[in-house]
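Student: This is start34.cif (mmCIF, C-alpha atoms).
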```cif
data_model
loop_
_atom_site.label_atom_id
_atom_site.label_comp_id
_atom_site.auth_asym_id
_atom_site.auth_seq_id
_atom_site.Cartn_x
_atom_site.Cartn_y
_atom_site.Cartn_z
CA MET N 1 1.51 15.82 -0.96
CA LEU N 2 5.32 15.51 -0.60
CA GLY N 3 5.51 19.12 -1.72
CA SER N 4 4.09 20.08 1.66
CA LEU N 5 7.01 18.30 3.36
CA PRO N 6 10.03 20.27 2.11
CA SER N 7 12.58 18.45 4.29
CA PHE N 8 11.37 15.08 2.99
CA ALA N 9 11.40 16.26 -0.63
CA ARG N 10 14.93 17.65 -0.17
CA LEU N 11 16.21 14.33 1.16
CA VAL N 12 14.66 12.50 -1.80
CA THR N 13 16.36 14.95 -4.18
CA GLU N 14 19.75 14.48 -2.52
CA LEU N 15 19.47 10.69 -2.40
CA SER N 16 18.48 10.46 -6.05
CA LYS N 17 21.77 12.15 -7.01
CA LEU N 18 23.54 8.91 -6.02
CA PRO N 19 24.45 6.59 -8.92
CA GLY N 20 21.92 3.85 -9.57
CA ILE N 21 19.33 5.43 -7.29
CA GLY N 22 16.31 6.90 -9.07
CA GLY N 23 13.35 8.81 -7.70
CA LYS N 24 11.41 5.73 -6.57
CA THR N 25 14.33 4.11 -4.74
CA ALA N 26 15.21 7.47 -3.17
CA THR N 27 11.64 7.82 -1.85
CA ARG N 28 11.76 4.27 -0.48
CA LEU N 29 15.10 4.98 1.24
CA ALA N 30 13.78 8.25 2.68
CA PHE N 31 10.71 6.49 4.13
CA HIS N 32 13.01 3.83 5.58
CA LEU N 33 15.22 6.47 7.22
CA LEU N 34 12.14 8.24 8.56
CA ARG N 35 11.23 5.09 10.48
CA ARG N 36 14.75 4.40 11.81
CA PRO N 37 15.90 5.70 15.21
CA HIS N 38 17.38 9.18 15.28
CA GLU N 39 20.86 7.87 16.21
CA GLU N 40 21.07 5.67 13.11
CA VAL N 41 20.34 8.53 10.71
CA GLU N 42 22.74 10.76 12.63
CA ALA N 43 25.45 8.08 12.37
CA LEU N 44 25.03 8.04 8.58
CA ALA N 45 25.18 11.84 8.34
CA THR N 46 28.27 11.95 10.58
CA ALA N 47 29.96 9.18 8.57
CA LEU N 48 29.36 11.20 5.37
CA LEU N 49 30.84 14.38 6.81
CA GLU N 50 33.81 12.66 8.48
CA MET N 51 34.67 10.74 5.34
CA LYS N 52 34.75 13.99 3.40
CA GLN N 53 36.75 15.73 6.13
CA ASN N 54 39.34 13.01 6.72
CA LEU N 55 39.88 11.52 3.29
CA SER N 56 41.55 12.97 0.28
CA PHE N 57 43.86 11.68 -2.42
CA CYS N 58 47.54 10.88 -1.87
CA ARG N 59 49.74 13.70 -3.17
CA ARG N 60 52.03 11.29 -4.92
CA CYS N 61 49.98 8.36 -6.22
CA PHE N 62 46.35 9.66 -5.97
CA ASN N 63 45.20 6.67 -3.97
CA ILE N 64 42.65 7.56 -1.26
CA SER N 65 44.43 8.56 1.90
CA GLU N 66 43.76 9.88 5.39
CA GLY N 67 46.90 12.01 5.32
CA GLU N 68 49.00 13.85 2.75
CA TYR N 69 50.56 10.58 1.57
CA CYS N 70 48.77 7.22 1.49
CA ARG N 71 49.72 4.17 3.54
CA ILE N 72 51.52 2.57 0.59
CA CYS N 73 53.59 5.65 -0.28
CA ARG N 74 54.54 5.99 3.42
CA ASP N 75 55.59 2.30 3.61
CA THR N 76 59.39 2.26 3.20
CA GLY N 77 59.42 -1.55 2.90
CA ARG N 78 58.02 -1.54 -0.63
CA ASP N 79 59.86 -1.76 -3.92
CA GLU N 80 60.41 1.87 -4.92
CA THR N 81 61.55 1.06 -8.46
CA SER N 82 58.18 -0.28 -9.64
CA ILE N 83 54.91 1.57 -10.27
CA CYS N 84 51.64 -0.23 -10.89
CA VAL N 85 49.21 2.00 -12.82
CA VAL N 86 45.52 1.44 -12.06
CA GLN N 87 42.32 3.30 -12.94
CA GLU N 88 40.64 3.55 -9.55
CA PRO N 89 41.48 3.06 -5.86
CA GLN N 90 39.19 -0.01 -5.96
CA ASP N 91 41.60 -1.64 -8.47
CA LEU N 92 44.51 -0.95 -6.15
CA ILE N 93 42.61 -2.66 -3.32
CA ALA N 94 42.00 -5.72 -5.52
CA ILE N 95 45.72 -5.97 -6.34
CA GLU N 96 46.74 -5.50 -2.69
CA ARG N 97 44.33 -8.27 -1.72
CA SER N 98 46.02 -10.63 -4.20
CA LEU N 99 49.38 -10.14 -2.40
CA GLY N 100 50.93 -10.43 -5.90
CA TYR N 101 52.63 -7.03 -6.00
CA ARG N 102 54.98 -5.24 -3.61
CA GLY N 103 55.81 -2.00 -5.42
CA ARG N 104 54.20 1.43 -5.46
CA TYR N 105 51.05 2.50 -7.32
CA HIS N 106 49.71 5.33 -9.44
CA VAL N 107 45.93 5.84 -9.61
CA LEU N 108 44.87 7.50 -12.88
CA GLN N 109 41.34 8.18 -11.56
CA GLY N 110 39.76 7.06 -14.81
CA ALA N 111 40.61 5.82 -18.28
CA LEU N 112 40.93 7.50 -21.67
CA SER N 113 37.51 7.76 -23.29
CA PRO N 114 37.34 10.15 -26.26
CA LEU N 115 33.57 9.58 -26.60
CA ASP N 116 33.07 10.93 -23.07
CA GLY N 117 35.58 13.70 -23.70
CA ILE N 118 38.16 12.23 -21.30
CA GLY N 119 41.68 12.84 -22.60
CA PRO N 120 45.15 12.46 -21.03
CA GLN N 121 44.91 15.84 -19.28
CA ASP N 122 41.76 14.73 -17.42
CA LEU N 123 43.60 11.78 -15.84
CA LYS N 124 46.65 11.76 -13.57
CA ILE N 125 48.89 11.03 -16.58
CA PRO N 126 51.02 14.22 -16.42
CA GLN N 127 51.68 13.41 -12.74
CA LEU N 128 52.70 9.86 -13.69
CA LEU N 129 55.18 11.15 -16.28
CA ALA N 130 56.61 13.56 -13.69
CA ARG N 131 57.13 10.64 -11.28
CA LEU N 132 58.92 8.64 -13.98
CA LYS N 133 61.36 11.52 -14.32
CA ASP N 134 61.85 12.19 -10.60
CA GLU N 135 61.83 8.66 -9.15
CA LYS N 136 64.20 5.86 -10.16
CA ILE N 137 61.62 3.63 -11.84
CA VAL N 138 62.69 0.36 -13.49
CA GLU N 139 59.28 -1.13 -14.29
CA VAL N 140 55.76 0.18 -14.90
CA VAL N 141 52.96 -2.41 -14.61
CA LEU N 142 49.94 -1.18 -16.57
CA ALA N 143 47.01 -2.69 -14.67
CA THR N 144 44.20 -0.61 -16.17
CA SER N 145 40.95 -2.53 -16.76
CA PHE N 146 40.67 -5.12 -19.50
CA THR N 147 37.94 -3.10 -21.22
CA ILE N 148 38.21 -1.09 -24.43
CA GLU N 149 38.95 2.12 -22.49
CA GLY N 150 41.42 0.37 -20.18
CA GLU N 151 43.26 -1.32 -23.04
CA ALA N 152 43.45 1.97 -24.97
CA THR N 153 44.84 3.73 -21.89
CA ALA N 154 47.45 1.00 -21.40
CA LEU N 155 48.48 1.18 -25.06
CA TYR N 156 48.73 4.98 -24.92
CA LEU N 157 50.86 4.87 -21.77
CA ALA N 158 53.07 2.07 -23.13
CA LEU N 159 53.90 4.17 -26.22
CA LEU N 160 54.67 7.21 -24.04
CA ILE N 161 56.83 5.41 -21.48
CA LYS N 162 58.71 2.79 -23.51
CA GLY N 163 61.07 5.32 -25.02
CA ALA N 164 62.43 6.22 -21.58
CA GLY N 165 64.17 2.85 -21.13
CA ILE N 166 61.65 1.66 -18.58
CA ARG N 167 60.27 -1.89 -18.68
CA VAL N 168 56.52 -1.72 -19.38
CA THR N 169 54.39 -4.76 -18.54
CA ARG N 170 50.72 -5.71 -18.31
CA PRO N 171 49.10 -8.51 -16.23
CA ALA N 172 48.53 -11.65 -18.31
CA HIS N 173 45.24 -12.47 -19.97
CA GLY N 174 44.02 -16.04 -19.44
CA ILE N 175 41.52 -18.41 -17.92
CA PRO N 176 40.54 -17.42 -14.34
CA LEU N 177 41.22 -20.02 -11.65
CA GLY N 178 38.36 -22.39 -10.89
CA SER N 179 36.46 -21.73 -14.11
CA ASP N 180 34.95 -24.15 -16.60
CA LEU N 181 36.39 -23.73 -20.10
CA GLU N 182 32.91 -24.00 -21.61
CA TYR N 183 31.73 -20.83 -19.85
CA ILE N 184 34.71 -18.63 -20.81
CA ASP N 185 34.29 -16.33 -23.83
CA SER N 186 36.20 -17.44 -26.91
CA ALA N 187 38.37 -14.31 -27.10
CA THR N 188 39.78 -15.10 -23.65
CA VAL N 189 40.32 -18.76 -24.54
CA GLN N 190 42.14 -17.69 -27.69
CA LEU N 191 44.41 -15.31 -25.73
CA ALA N 192 45.08 -18.01 -23.15
CA LEU N 193 46.10 -20.46 -25.89
CA ASP N 194 48.32 -17.86 -27.54
CA SER N 195 50.18 -17.36 -24.27
CA ARG N 196 50.37 -21.09 -23.36
CA ARG N 197 53.34 -22.11 -21.22
CA GLU N 198 55.60 -25.20 -21.04
CA LEU N 199 54.90 -27.28 -17.91
CA MET R 1 43.47 -1.87 2.86
CA LEU R 2 40.11 -0.24 3.72
CA GLY R 3 40.86 -1.15 7.34
CA SER R 4 43.51 1.57 7.31
CA LEU R 5 40.85 4.13 6.32
CA PRO R 6 38.44 4.03 9.28
CA SER R 7 36.28 6.92 8.09
CA PHE R 8 35.77 5.24 4.73
CA ALA R 9 34.99 1.88 6.33
CA ARG R 10 32.51 3.55 8.69
CA LEU R 11 30.64 5.19 5.80
CA VAL R 12 30.44 1.85 3.98
CA THR R 13 29.03 0.23 7.16
CA GLU R 14 26.39 2.94 7.57
CA LEU R 15 25.37 2.89 3.89
CA SER R 16 25.00 -0.89 3.87
CA LYS R 17 22.37 -0.63 6.63
CA LEU R 18 20.00 0.85 4.01
CA PRO R 19 17.48 -1.59 2.51
CA GLY R 20 18.57 -3.13 -0.77
CA ILE R 21 22.14 -1.85 -0.42
CA GLY R 22 24.74 -4.53 0.23
CA GLY R 23 28.45 -4.24 0.91
CA LYS R 24 29.47 -3.90 -2.74
CA THR R 25 26.92 -1.21 -3.58
CA ALA R 26 27.79 0.63 -0.37
CA THR R 27 31.49 0.65 -1.35
CA ARG R 28 30.60 1.89 -4.83
CA LEU R 29 28.44 4.68 -3.35
CA ALA R 30 31.20 5.64 -0.90
CA PHE R 31 33.76 5.91 -3.72
CA HIS R 32 31.28 8.01 -5.68
CA LEU R 33 30.76 10.36 -2.73
CA LEU R 34 34.51 10.60 -2.21
CA ARG R 35 34.86 12.03 -5.72
CA ARG R 36 31.93 14.46 -5.44
CA PRO R 37 32.43 18.08 -4.32
CA HIS R 38 32.34 18.72 -0.59
CA GLU R 39 29.12 20.77 -0.84
CA GLU R 40 27.18 17.91 -2.43
CA VAL R 41 28.04 15.46 0.36
CA GLU R 42 27.32 18.13 2.96
CA ALA R 43 23.91 18.76 1.34
CA LEU R 44 23.05 15.07 1.68
CA ALA R 45 24.16 14.96 5.33
CA THR R 46 22.18 18.12 6.10
CA ALA R 47 19.09 16.77 4.34
CA LEU R 48 19.30 13.61 6.46
CA LEU R 49 19.56 15.52 9.73
CA GLU R 50 16.88 18.07 8.82
CA MET R 51 14.44 15.38 7.71
CA LYS R 52 14.90 13.64 11.05
CA GLN R 53 14.61 16.91 12.94
CA ASN R 54 11.56 18.31 11.16
CA LEU R 55 9.50 15.24 10.38
CA SER R 56 7.58 13.00 12.69
CA PHE R 57 4.25 11.22 12.58
CA CYS R 58 0.89 12.97 12.94
CA ARG R 59 -0.46 12.53 16.48
CA ARG R 60 -3.89 11.62 15.19
CA CYS R 61 -3.50 9.66 11.95
CA PHE R 62 0.24 8.69 11.96
CA ASN R 63 0.84 10.13 8.52
CA ILE R 64 4.25 11.84 8.16
CA SER R 65 4.01 15.43 9.26
CA GLU R 66 6.16 18.49 9.81
CA GLY R 67 4.10 19.54 12.84
CA GLU R 68 2.10 17.85 15.57
CA TYR R 69 -0.80 17.22 13.17
CA CYS R 70 -0.42 16.48 9.45
CA ARG R 71 -1.67 18.67 6.63
CA ILE R 72 -4.75 16.50 6.11
CA CYS R 73 -5.78 16.43 9.78
CA ARG R 74 -5.35 20.23 9.91
CA ASP R 75 -7.48 20.71 6.75
CA THR R 76 -10.98 21.62 8.00
CA GLY R 77 -12.43 21.28 4.48
CA ARG R 78 -12.29 17.48 4.50
CA ASP R 79 -15.03 15.00 5.34
CA GLU R 80 -14.56 14.32 9.06
CA THR R 81 -16.97 11.37 9.15
CA SER R 82 -14.83 9.09 6.97
CA ILE R 83 -11.50 7.41 7.73
CA CYS R 84 -9.45 5.68 5.05
CA VAL R 85 -7.13 3.07 6.62
CA VAL R 86 -3.81 2.52 4.81
CA GLN R 87 -0.61 0.65 5.64
CA GLU R 88 2.03 3.28 4.89
CA PRO R 89 2.25 7.03 4.20
CA GLN R 90 3.17 6.10 0.60
CA ASP R 91 -0.30 4.53 0.18
CA LEU R 92 -1.91 7.71 1.45
CA ILE R 93 0.06 9.69 -1.15
CA ALA R 94 -1.16 7.36 -3.92
CA ILE R 95 -4.78 7.84 -2.85
CA GLU R 96 -4.38 11.62 -2.59
CA ARG R 97 -2.91 11.67 -6.07
CA SER R 98 -6.00 9.87 -7.39
CA LEU R 99 -8.24 12.72 -6.09
CA GLY R 100 -10.80 9.95 -5.39
CA TYR R 101 -11.16 10.50 -1.64
CA ARG R 102 -11.86 13.60 0.45
CA GLY R 103 -12.01 12.21 4.00
CA ARG R 104 -9.41 11.69 6.71
CA TYR R 105 -6.83 8.89 6.95
CA HIS R 106 -5.34 6.49 9.45
CA VAL R 107 -1.88 5.05 8.73
CA LEU R 108 -1.38 1.65 10.38
CA GLN R 109 2.38 1.70 9.71
CA GLY R 110 2.36 -1.91 8.60
CA ALA R 111 0.11 -4.93 8.15
CA LEU R 112 -0.65 -7.98 10.29
CA SER R 113 1.95 -10.65 9.64
CA PRO R 114 2.01 -13.43 12.23
CA LEU R 115 5.03 -15.06 10.53
CA ASP R 116 7.07 -11.90 11.15
CA GLY R 117 5.60 -11.59 14.66
CA ILE R 118 3.57 -8.47 13.78
CA GLY R 119 0.26 -8.49 15.66
CA PRO R 120 -2.45 -5.84 16.21
CA GLN R 121 -0.50 -4.23 19.07
CA ASP R 122 2.48 -3.56 16.77
CA LEU R 123 0.31 -1.51 14.38
CA LYS R 124 -1.67 1.67 15.05
CA ILE R 125 -4.85 -0.41 15.49
CA PRO R 126 -5.57 0.53 19.14
CA GLN R 127 -5.27 4.20 18.12
CA LEU R 128 -7.72 3.59 15.23
CA LEU R 129 -10.27 2.02 17.59
CA ALA R 130 -9.86 4.98 19.96
CA ARG R 131 -10.58 7.37 17.07
CA LEU R 132 -13.71 5.41 16.14
CA LYS R 133 -14.95 5.97 19.69
CA ASP R 134 -13.99 9.66 19.96
CA GLU R 135 -14.78 10.95 16.45
CA LYS R 136 -18.16 10.75 14.72
CA ILE R 137 -17.20 8.26 12.03
CA VAL R 138 -19.80 7.01 9.53
CA GLU R 139 -17.55 5.07 7.14
CA VAL R 140 -14.18 3.31 7.31
CA VAL R 141 -12.52 2.59 3.94
CA LEU R 142 -10.04 -0.27 4.38
CA ALA R 143 -7.39 0.51 1.76
CA THR R 144 -4.66 -1.81 3.00
CA SER R 145 -2.62 -3.52 0.26
CA PHE R 146 -4.13 -6.23 -1.90
CA THR R 147 -1.57 -8.73 -0.66
CA ILE R 148 -2.12 -11.62 1.75
CA GLU R 149 -1.05 -9.49 4.74
CA GLY R 150 -3.10 -6.51 3.58
CA GLU R 151 -6.22 -8.61 2.97
CA ALA R 152 -5.83 -10.30 6.37
CA THR R 153 -5.49 -6.90 8.06
CA ALA R 154 -8.59 -5.59 6.27
CA LEU R 155 -10.58 -8.68 7.27
CA TYR R 156 -9.43 -8.40 10.90
CA LEU R 157 -10.35 -4.71 11.06
CA ALA R 158 -13.71 -5.30 9.32
CA LEU R 159 -14.68 -7.88 11.98
CA LEU R 160 -13.60 -5.51 14.78
CA ILE R 161 -15.32 -2.40 13.44
CA LYS R 162 -18.52 -3.73 11.86
CA GLY R 163 -20.19 -4.29 15.22
CA ALA R 164 -19.99 -0.58 16.05
CA GLY R 165 -22.59 0.36 13.39
CA ILE R 166 -20.01 1.89 11.10
CA ARG R 167 -20.06 1.26 7.34
CA VAL R 168 -16.91 -0.68 6.38
CA THR R 169 -15.83 -0.66 2.71
CA ARG R 170 -12.85 -1.71 0.63
CA PRO R 171 -11.75 -0.34 -2.81
CA ALA R 172 -13.00 -2.58 -5.65
CA HIS R 173 -10.92 -5.27 -7.27
CA GLY R 174 -10.95 -5.25 -11.06
CA ILE R 175 -9.09 -4.67 -14.30
CA PRO R 176 -6.73 -1.66 -14.19
CA LEU R 177 -7.38 1.07 -16.77
CA GLY R 178 -5.46 0.75 -20.00
CA SER R 179 -4.59 -2.90 -19.57
CA ASP R 180 -4.90 -5.80 -22.00
CA LEU R 181 -7.15 -8.57 -20.67
CA GLU R 182 -4.70 -11.23 -21.84
CA TYR R 183 -1.97 -9.94 -19.52
CA ILE R 184 -4.11 -9.75 -16.37
CA ASP R 185 -3.86 -12.69 -13.93
CA SER R 186 -6.93 -14.93 -13.92
CA ALA R 187 -7.77 -14.31 -10.25
CA THR R 188 -8.19 -10.59 -11.01
CA VAL R 189 -10.26 -11.30 -14.13
CA GLN R 190 -12.48 -13.63 -12.08
CA LEU R 191 -12.99 -10.96 -9.38
CA ALA R 192 -13.73 -8.34 -12.07
CA LEU R 193 -16.37 -10.60 -13.63
CA ASP R 194 -17.91 -11.34 -10.24
CA SER R 195 -18.35 -7.61 -9.62
CA ARG R 196 -19.53 -6.76 -13.16
CA ARG R 197 -21.86 -3.76 -13.43
CA GLU R 198 -24.90 -2.82 -15.58
CA LEU R 199 -24.00 -0.18 -18.19
#
```
Translate the structure described by the file into structure tokens.
Tutor:
Amino acid sequence: MLGSLPSFARLVTELSKLPGIGGKTATRLAFHLLRRPHEEVEALATALLEMKQNLSFCRRCFNISEGEYCRICRDTGRDETSICVVQEPQDLIAIERSLGYRGRYHVLQGALSPLDGIGPQDLKIPQLLARLKDEKIVEVVLATSFTIEGEATALYLALLIKGAGIRVTRPAHGIPLGSDLEYIDSATVQLALDSRREL
Amino acid sequence: MLGSLPSFARLVTELSKLPGIGGKTATRLAFHLLRRPHEEVEALATALLEMKQNLSFCRRCFNISEGEYCRICRDTGRDETSICVVQEPQDLIAIERSLGYRGRYHVLQGALSPLDGIGPQDLKIPQLLARLKDEKIVEVVLATSFTIEGEATALYLALLIKGAGIRVTRPAHGIPLGSDLEYIDSATVQLALDSRREL
């Protein structure tokens, strides 16, 4: 039946390429879009094309950017001696939202994952090392995720960078604010106890 | 941060208008699309526009259609004296797949739902009644969903149509093929027993 509606079938195929959207959800979305006013579907299509046209990655730090350099690299008011290394632009956004950091960033666009065949050359690691040579960097904050891949990436980078006389740090592990001790996993509680502070 | 990337924010807004896709999923999808090759995003945008351009609803039965009349209404080999009433084009597809019906269809594009303010005028019911007058219909199969709204719609239509000397039927309730009795809800088992047949 849908085979006789090539433009519908094509939309379902394209939608099901999105992550987390299988054939059934794609069909449901396509039927929804079919019922929506023409302007709404056009707005979505235009938004897709304009995003792709206007956005790219910052030439220096690989954050998403509307120009050659991202807003943070263009901001002269930030600490130019510190680089915070994150995996994805989303992580950068989370750190910016916390207002806890005022330096520059470097987005690796992934983490080391030998099982998936992702090595240092597949990430923006060579570009990070080049920046460490060219810019006067005093501290590198390794804010990759606290997962196995993220920890491995941080460890790998720490070993690479430490020799160059640059301070290498990592955000502290511990109990999140507002959480009940009983619901926190024991590994986190253990780490938080290990790094206990004098009050 | 995303506020400084209007084309990204706009895409997230448009994506989160889709059913079942909230702000977080929309952001995740947008980041995914940002990383995909230009052609892939363009293919999705084109598929959206072409679907909207090429598809509309059949003038007679309100099934989705690439022309004025849908494939089924154009097919002269089908039984023209029978109309199967369904809620959505998806239901029509399910019935076609079963190969159990060779007549025409009428897609209501919804079901009666007073709580949501959906009355007979909001569905394609007036158009169905007009067809019953104009075409030589012998049987109407009410295949609306087996939900409260679907049952109510079937009952409403049965009362409207029965007077006109047309046979009104509804697909049988019963145990689905390949299912274990112990996992079927008791209301279905009761209905299946009520309609038991001689072997």
Student: Care to translate the PyMOL selection byres ((chain N and resi 11) around 7) into actual residues of this file, as a list in words?
Tutor: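 Given this file, the PyMOL selection byres ((chain N and resi 11) around 7) evaluates to Ser7, Phe8, Ala9, Arg10, Val12, Thr13, Glu14, Leu15 and Ala30 of chain N; Leu44, Ala47, Leu48 and Met51 of chain R.
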Student: I'd like to know which of N:Glu88, N:Glu80, N:Asp75, N:Asp122 is closest to chain R, using only C-alpha atoms.
Tutor: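 The closest residue to chain R is N:Glu88.
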Student: Here's the selection I'm unsure about, the PyMOL selection byres ((chain R) within 8 of (chain N)); applied to the file above, which residues does it give, as number ranges by chain?
Tutor: R: 1-2, 4-5, 7-8, 10-11, 14-15, 18-19, 29, 32, 34, 38, 41-52, 54-56, 65-66, 71, 93, 96-97
Student: What lies within 12 Å of segment 143-152 of chain N using all atoms listed in the file, ignoring chain neighbours under 2 positions off, as a PyMOL selection string?
Tutor: chain N and resi 83-92+94-95+101+105-116+118-120+140-141+154-159+168-174+188
Student: Those residues with C-alpha atoms, as a PDB file, in the frame of the given file please?
Tutor:
```pdb
ATOM      1  CA  ILE N  83      54.910   1.570 -10.270  1.00  0.00           C
ATOM      2  CA  CYS N  84      51.640  -0.230 -10.890  1.00  0.00           C
ATOM      3  CA  VAL N  85      49.210   2.000 -12.820  1.00  0.00           C
ATOM      4  CA  VAL N  86      45.520   1.440 -12.060  1.00  0.00           C
ATOM      5  CA  GLN N  87      42.320   3.300 -12.940  1.00  0.00           C
ATOM      6  CA  GLU N  88      40.640   3.550  -9.550  1.00  0.00           C
ATOM      7  CA  PRO N  89      41.480   3.060  -5.860  1.00  0.00           C
ATOM      8  CA  GLN N  90      39.190  -0.010  -5.960  1.00  0.00           C
ATOM      9  CA  ASP N  91      41.600  -1.640  -8.470  1.00  0.00           C
ATOM     10  CA  LEU N  92      44.510  -0.950  -6.150  1.00  0.00           C
ATOM     11  CA  ALA N  94      42.000  -5.720  -5.520  1.00  0.00           C
ATOM     12  CA  ILE N  95      45.720  -5.970  -6.340  1.00  0.00           C
ATOM     13  CA  TYR N 101      52.630  -7.030  -6.000  1.00  0.00           C
ATOM     14  CA  TYR N 105      51.050   2.500  -7.320  1.00  0.00           C
ATOM     15  CA  HIS N 106      49.710   5.330  -9.440  1.00  0.00           C
ATOM     16  CA  VAL N 107      45.930   5.840  -9.610  1.00  0.00           C
ATOM     17  CA  LEU N 108      44.870   7.500 -12.880  1.00  0.00           C
ATOM     18  CA  GLN N 109      41.340   8.180 -11.560  1.00  0.00           C
ATOM     19  CA  GLY N 110      39.760   7.060 -14.810  1.00  0.00           C
ATOM     20  CA  ALA N 111      40.610   5.820 -18.280  1.00  0.00           C
ATOM     21  CA  LEU N 112      40.930   7.500 -21.670  1.00  0.00           C
ATOM     22  CA  SER N 113      37.510   7.760 -23.290  1.00  0.00           C
ATOM     23  CA  PRO N 114      37.340  10.150 -26.260  1.00  0.00           C
ATOM     24  CA  LEU N 115      33.570   9.580 -26.600  1.00  0.00           C
ATOM     25  CA  ASP N 116      33.070  10.930 -23.070  1.00  0.00           C
ATOM     26  CA  ILE N 118      38.160  12.230 -21.300  1.00  0.00           C
ATOM     27  CA  GLY N 119      41.680  12.840 -22.600  1.00  0.00           C
ATOM     28  CA  PRO N 120      45.150  12.460 -21.030  1.00  0.00           C
ATOM     29  CA  VAL N 140      55.760   0.180 -14.900  1.00  0.00           C
ATOM     30  CA  VAL N 141      52.960  -2.410 -14.610  1.00  0.00           C
ATOM     31  CA  ALA N 154      47.450   1.000 -21.400  1.00  0.00           C
ATOM     32  CA  LEU N 155      48.480   1.180 -25.060  1.00  0.00           C
ATOM     33  CA  TYR N 156      48.730   4.980 -24.920  1.00  0.00           C
ATOM     34  CA  LEU N 157      50.860   4.870 -21.770  1.00  0.00           C
ATOM     35  CA  ALA N 158      53.070   2.070 -23.130  1.00  0.00           C
ATOM     36  CA  LEU N 159      53.900   4.170 -26.220  1.00  0.00           C
ATOM     37  CA  VAL N 168      56.520  -1.720 -19.380  1.00  0.00           C
ATOM     38  CA  THR N 169      54.390  -4.760 -18.540  1.00  0.00           C
ATOM     39  CA  ARG N 170      50.720  -5.710 -18.310  1.00  0.00           C
ATOM     40  CA  PRO N 171      49.100  -8.510 -16.230  1.00  0.00           C
ATOM     41  CA  ALA N 172      48.530 -11.650 -18.310  1.00  0.00           C
ATOM     42  CA  HIS N 173      45.240 -12.470 -19.970  1.00  0.00           C
ATOM     43  CA  GLY N 174      44.020 -16.040 -19.440  1.00  0.00           C
ATOM     44  CA  THR N 188      39.780 -15.100 -23.650  1.00  0.00           C
TER      45      THR N 188
END
```
Student: Could you give me the axis-aligned bounding box of segment 149-160 of chain R, with 5 Å of padding per side, as centre plus edge lengths in Å to one decimal, as AutoDock Vina command-line options?
Tutor:
```
--center_x -7.9 --center_y -7.5 --center_z 8.9 --size_x 23.6 --size_y 15.6 --size_z 21.8
```
Student: Rounded to one decimal in Å, what is the spacing between atom CA of Ile137 of chain R and atom CA of Lys162 of chain R?
Tutor: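 These atoms are spaced 12.1 Å apart.
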Student: Between atom CA of Leu123 of chain R and atom CA of Arg74 of chain R, what is the spacing in Å?
Tutor: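 Distance between the two atoms: 22.9 Å.
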Student: Measure the distance from atom CA of Lys133 of chain R to atom CA of Ser98 of chain R in Å and round it to one decimal.
Tutor: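 Computing the Euclidean distance for atom CA of Lys133 of chain R and atom CA of Ser98 of chain R yields 28.8 Å.
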